[in-house]
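Read the structure below first, then the notes.
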Amino acid sequence: MKMLINVPETVVADALRGMAAAYPDLTVDVENRIVVRRDAPVEGQVGLVSGGGSGHEPLHGGFVGPGMLSAACPGEVFTSPVPDQMARAAAAVDSGAGVLFIVKNYTGDVLNFDMAAELAEDEGIQIGKVLVNDDVAVTDSLYTAGRRGTGATLFVEKIAGAAAAEGQPLEQVEAIGRKVNENSRSFGVALSAVTTPAKGSPTFDLPPGELELGIGIHGEPGRERRPMMTSGEIADFAVNAILEDMPPRSPVLLLVNGMGGTPLLELFGFNAEVQRVLSERGVAVARTLVGNYVTSLDMAGASVTLCQADEELLRLWDAPVKTPALRWGV
């Protein structure tokens, strides 16, 4: 497998150096693996810190900036960052208003963010936490006790970030983040396996002409493997799986997310099919976002995330944001 890298051992550091060169609004500490908005800490604002294994770009470093995250902690590829990273990030963004940790539900992330919270609190920083567990495909997986955290992470980071930018207190920002998670569900599909830099070859076997329904963002197994389906058939399966778990009560935010190896031409076509299924099921779509946002390196495939959004969540979603990967209203 050909990869545009130097050596696997430096792939994360190389990416961070390139990110620093591209985005002067960010402070990128390559040695300590922390990405921070340059104006942090912002007086009177709750700081938002997230992170996880690299390989899911633009998650999380691409979402650092006004209206979203204050800092992100990238681990090695598909490997949790360490507690010292997270505690250092919390110290860098704390203005005295506290810091909210946004954590995807993977065992390593959960354990390390819990340890980081203890370290930060020992330094007098007030910490809140939102655990993202939106994936309806499976209950337990190779990396998770309970449901996996996937596409809803973007919704939590954006909407909680907007609440923090308004100057809302930590308890309220945390409550809004949890509300977003509780009202969000995701389902993903893999059309190809993922290749990590360290391995240099696919990490699992997915024969030509087959797909995996309910895949995780590290290539974890899903619900079942089937012969290749059409875009419309996949949309039917994914949306119905979500709506069976979360019957719609209000208009939704919709994320049609690429897994890293699917072109936008296909994602927009898939979005048309997702919109069709939602219309047939009587679900109103308030906002739609299509693109590669929560990826799995070079995996071909897509995921669908729905968030039931009341007026408060819609207002916060529409609020200005200025990050490398998400930007509007500025």
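Each chain of the structure tokens is named A, B, ... in the order shown, its residues numbered from 1; ligands are numbered from 1 in display order.
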Based on the backbone DSSP call, show me all residues of stretch 29-277 of chain A assigned strand (DSSP E), as a PyMOL selection string. chain A and resi 29+34-37+47-54+71-77+99-104+127-132+184-190+210-213+224-227+252-258
A:Gly67: which residues within 9 Å, counting only C-alpha atoms, same-chain residues fewer than 6 positions away excluded, as a list in words? Glu157, Lys158, Ile159, Ala160, Gly161, Ala162, Ala163, Ala164, Ala165, Glu166, Ala319, Pro320, Val321, Lys322 and Thr323 of chain A
Using only C-alpha atoms, determine which residues lie at most 8 Å from A:Asp236, disregarding the query and same-chain residues fewer than 3 positions distant; provide the list as number ranges by chain. A: 232-233, 239-240, 273-274, 277
Looking at only C-alpha atoms, which of A:Leu267, A:Val64, A:Val294, A:Ala13 is the one that sits closest to A:Gly151? A:Val294
I'd like the contact shell of A:Val35 - 9 Å cut-off, only C-alpha atoms, skipping same-chain residues fewer than 3 positions apart - returned as a list in words. Leu16, Ala20, Leu26, Thr27, Val28, Asp29, Val30, Gly61, Val64, Ser70, Ala71, Ala72, Cys73, Pro74 and Ala89 of chain A
Residue subset to file, keeping C-alpha atoms, as a PDB file, in the first residue's frame:
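Just written: again25.pdb:
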ATOM      1  CA  LEU A  16       1.142  18.457  13.434  1.00  0.00           C
ATOM      2  CA  ALA A  20       1.002  24.536  12.455  1.00  0.00           C
ATOM      3  CA  LEU A  26      -3.561  27.710  16.268  1.00  0.00           C
ATOM      4  CA  THR A  27      -0.712  27.051  18.657  1.00  0.00           C
ATOM      5  CA  VAL A  28       0.577  23.559  17.915  1.00  0.00           C
ATOM      6  CA  ASP A  29       2.880  21.950  20.476  1.00  0.00           C
ATOM      7  CA  VAL A  30       4.368  19.125  18.425  1.00  0.00           C
ATOM      8  CA  GLY A  61      -7.559  19.200  15.843  1.00  0.00           C
ATOM      9  CA  VAL A  64     -10.117  23.893  17.399  1.00  0.00           C
ATOM     10  CA  SER A  70     -10.303  25.322  22.831  1.00  0.00           C
ATOM     11  CA  ALA A  71      -7.776  22.502  22.526  1.00  0.00           C
ATOM     12  CA  ALA A  72      -7.337  19.003  21.154  1.00  0.00           C
ATOM     13  CA  CYS A  73      -5.002  16.174  22.145  1.00  0.00           C
ATOM     14  CA  PRO A  74      -4.010  13.812  19.306  1.00  0.00           C
ATOM     15  CA  ALA A  89      -4.341  21.132  27.540  1.00  0.00           C
TER      16      ALA A  89
END
Show me, as a list of chain:residue names, the residues that have an atom within 9 Å of A:Gly96 when counting only C-alpha atoms, minus same-chain residues fewer than 5 positions from it. A:Pro41, A:Glu43, A:Gly44, A:Gln45, A:Val46, A:Ile125, A:Gln126
Quick one: write out the picked residues with all heavy atoms as a JSON list (two decimals), in the first residue's frame?
[["chain", "number", "residue", "atom", "x", "y", "z"],
["A", 41, "PRO", "N", -6.10, 31.20, 27.17],
["A", 41, "PRO", "CA", -7.50, 31.06, 27.58],
["A", 41, "PRO", "C", -8.29, 32.34, 27.31],
["A", 41, "PRO", "O", -7.74, 33.44, 27.36],
["A", 41, "PRO", "CB", -7.41, 30.79, 29.08],
["A", 41, "PRO", "CG", -6.15, 31.49, 29.50],
["A", 41, "PRO", "CD", -5.20, 31.38, 28.33],
["A", 43, "GLU", "N", -10.99, 34.92, 28.46],
["A", 43, "GLU", "CA", -11.53, 35.38, 29.73],
["A", 43, "GLU", "C", -13.03, 35.13, 29.82],
["A", 43, "GLU", "O", -13.80, 35.49, 28.92],
["A", 43, "GLU", "CB", -11.24, 36.87, 29.91],
["A", 43, "GLU", "CG", -11.65, 37.42, 31.27],
["A", 43, "GLU", "CD", -10.86, 36.82, 32.40],
["A", 43, "GLU", "OE1", -9.67, 36.46, 32.17],
["A", 43, "GLU", "OE2", -11.41, 36.69, 33.52],
["A", 44, "GLY", "N", -13.44, 34.50, 30.91],
["A", 44, "GLY", "CA", -14.86, 34.29, 31.18],
["A", 44, "GLY", "C", -15.49, 33.14, 30.44],
["A", 44, "GLY", "O", -16.68, 32.88, 30.61],
["A", 45, "GLN", "N", -14.73, 32.45, 29.61],
["A", 45, "GLN", "CA", -15.29, 31.34, 28.83],
["A", 45, "GLN", "C", -14.82, 29.99, 29.35],
["A", 45, "GLN", "O", -13.65, 29.81, 29.70],
["A", 45, "GLN", "CB", -14.91, 31.45, 27.35],
["A", 45, "GLN", "CG", -15.65, 32.52, 26.60],
["A", 45, "GLN", "CD", -15.41, 32.43, 25.09],
["A", 45, "GLN", "OE1", -15.00, 31.39, 24.58],
["A", 45, "GLN", "NE2", -15.67, 33.52, 24.39],
["A", 46, "VAL", "N", -15.75, 29.04, 29.37],
["A", 46, "VAL", "CA", -15.39, 27.65, 29.64],
["A", 46, "VAL", "C", -14.49, 27.15, 28.51],
["A", 46, "VAL", "O", -14.74, 27.42, 27.34],
["A", 46, "VAL", "CB", -16.66, 26.78, 29.72],
["A", 46, "VAL", "CG1", -16.32, 25.30, 29.80],
["A", 46, "VAL", "CG2", -17.51, 27.20, 30.92],
["A", 125, "ILE", "N", -8.38, 23.19, 38.79],
["A", 125, "ILE", "CA", -9.21, 23.43, 37.60],
["A", 125, "ILE", "C", -10.50, 22.64, 37.74],
["A", 125, "ILE", "O", -10.48, 21.43, 37.98],
["A", 125, "ILE", "CB", -8.46, 23.00, 36.32],
["A", 125, "ILE", "CG1", -7.15, 23.77, 36.18],
["A", 125, "ILE", "CG2", -9.35, 23.21, 35.09],
["A", 125, "ILE", "CD1", -6.27, 23.29, 35.04],
["A", 126, "GLN", "N", -11.62, 23.32, 37.58],
["A", 126, "GLN", "CA", -12.91, 22.64, 37.64],
["A", 126, "GLN", "C", -13.16, 21.94, 36.31],
["A", 126, "GLN", "O", -13.04, 22.53, 35.24],
["A", 126, "GLN", "CB", -14.03, 23.65, 37.91],
["A", 126, "GLN", "CG", -15.39, 23.02, 38.13],
["A", 126, "GLN", "CD", -16.48, 24.06, 38.38],
["A", 126, "GLN", "OE1", -16.22, 25.27, 38.34],
["A", 126, "GLN", "NE2", -17.69, 23.60, 38.62]]
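The space separating atom CA of A:Thr107 from atom CA of A:Gly146 comes to 9.6 Å.
Closest to A:Leu170 among A:Leu297, A:Met246, A:Leu100, A:Val194 is A:Leu100, based on only C-alpha atoms.
Residues in contact with stretch 199-205 of chain A at 8 Å, where only C-alpha atoms are counted and same-chain residues fewer than 2 positions away are skipped, are listed as Met1, Lys2, Met3, Ala193, Val194, Thr195, Thr196, Pro197, Pro207 and Gly219 of chain A.
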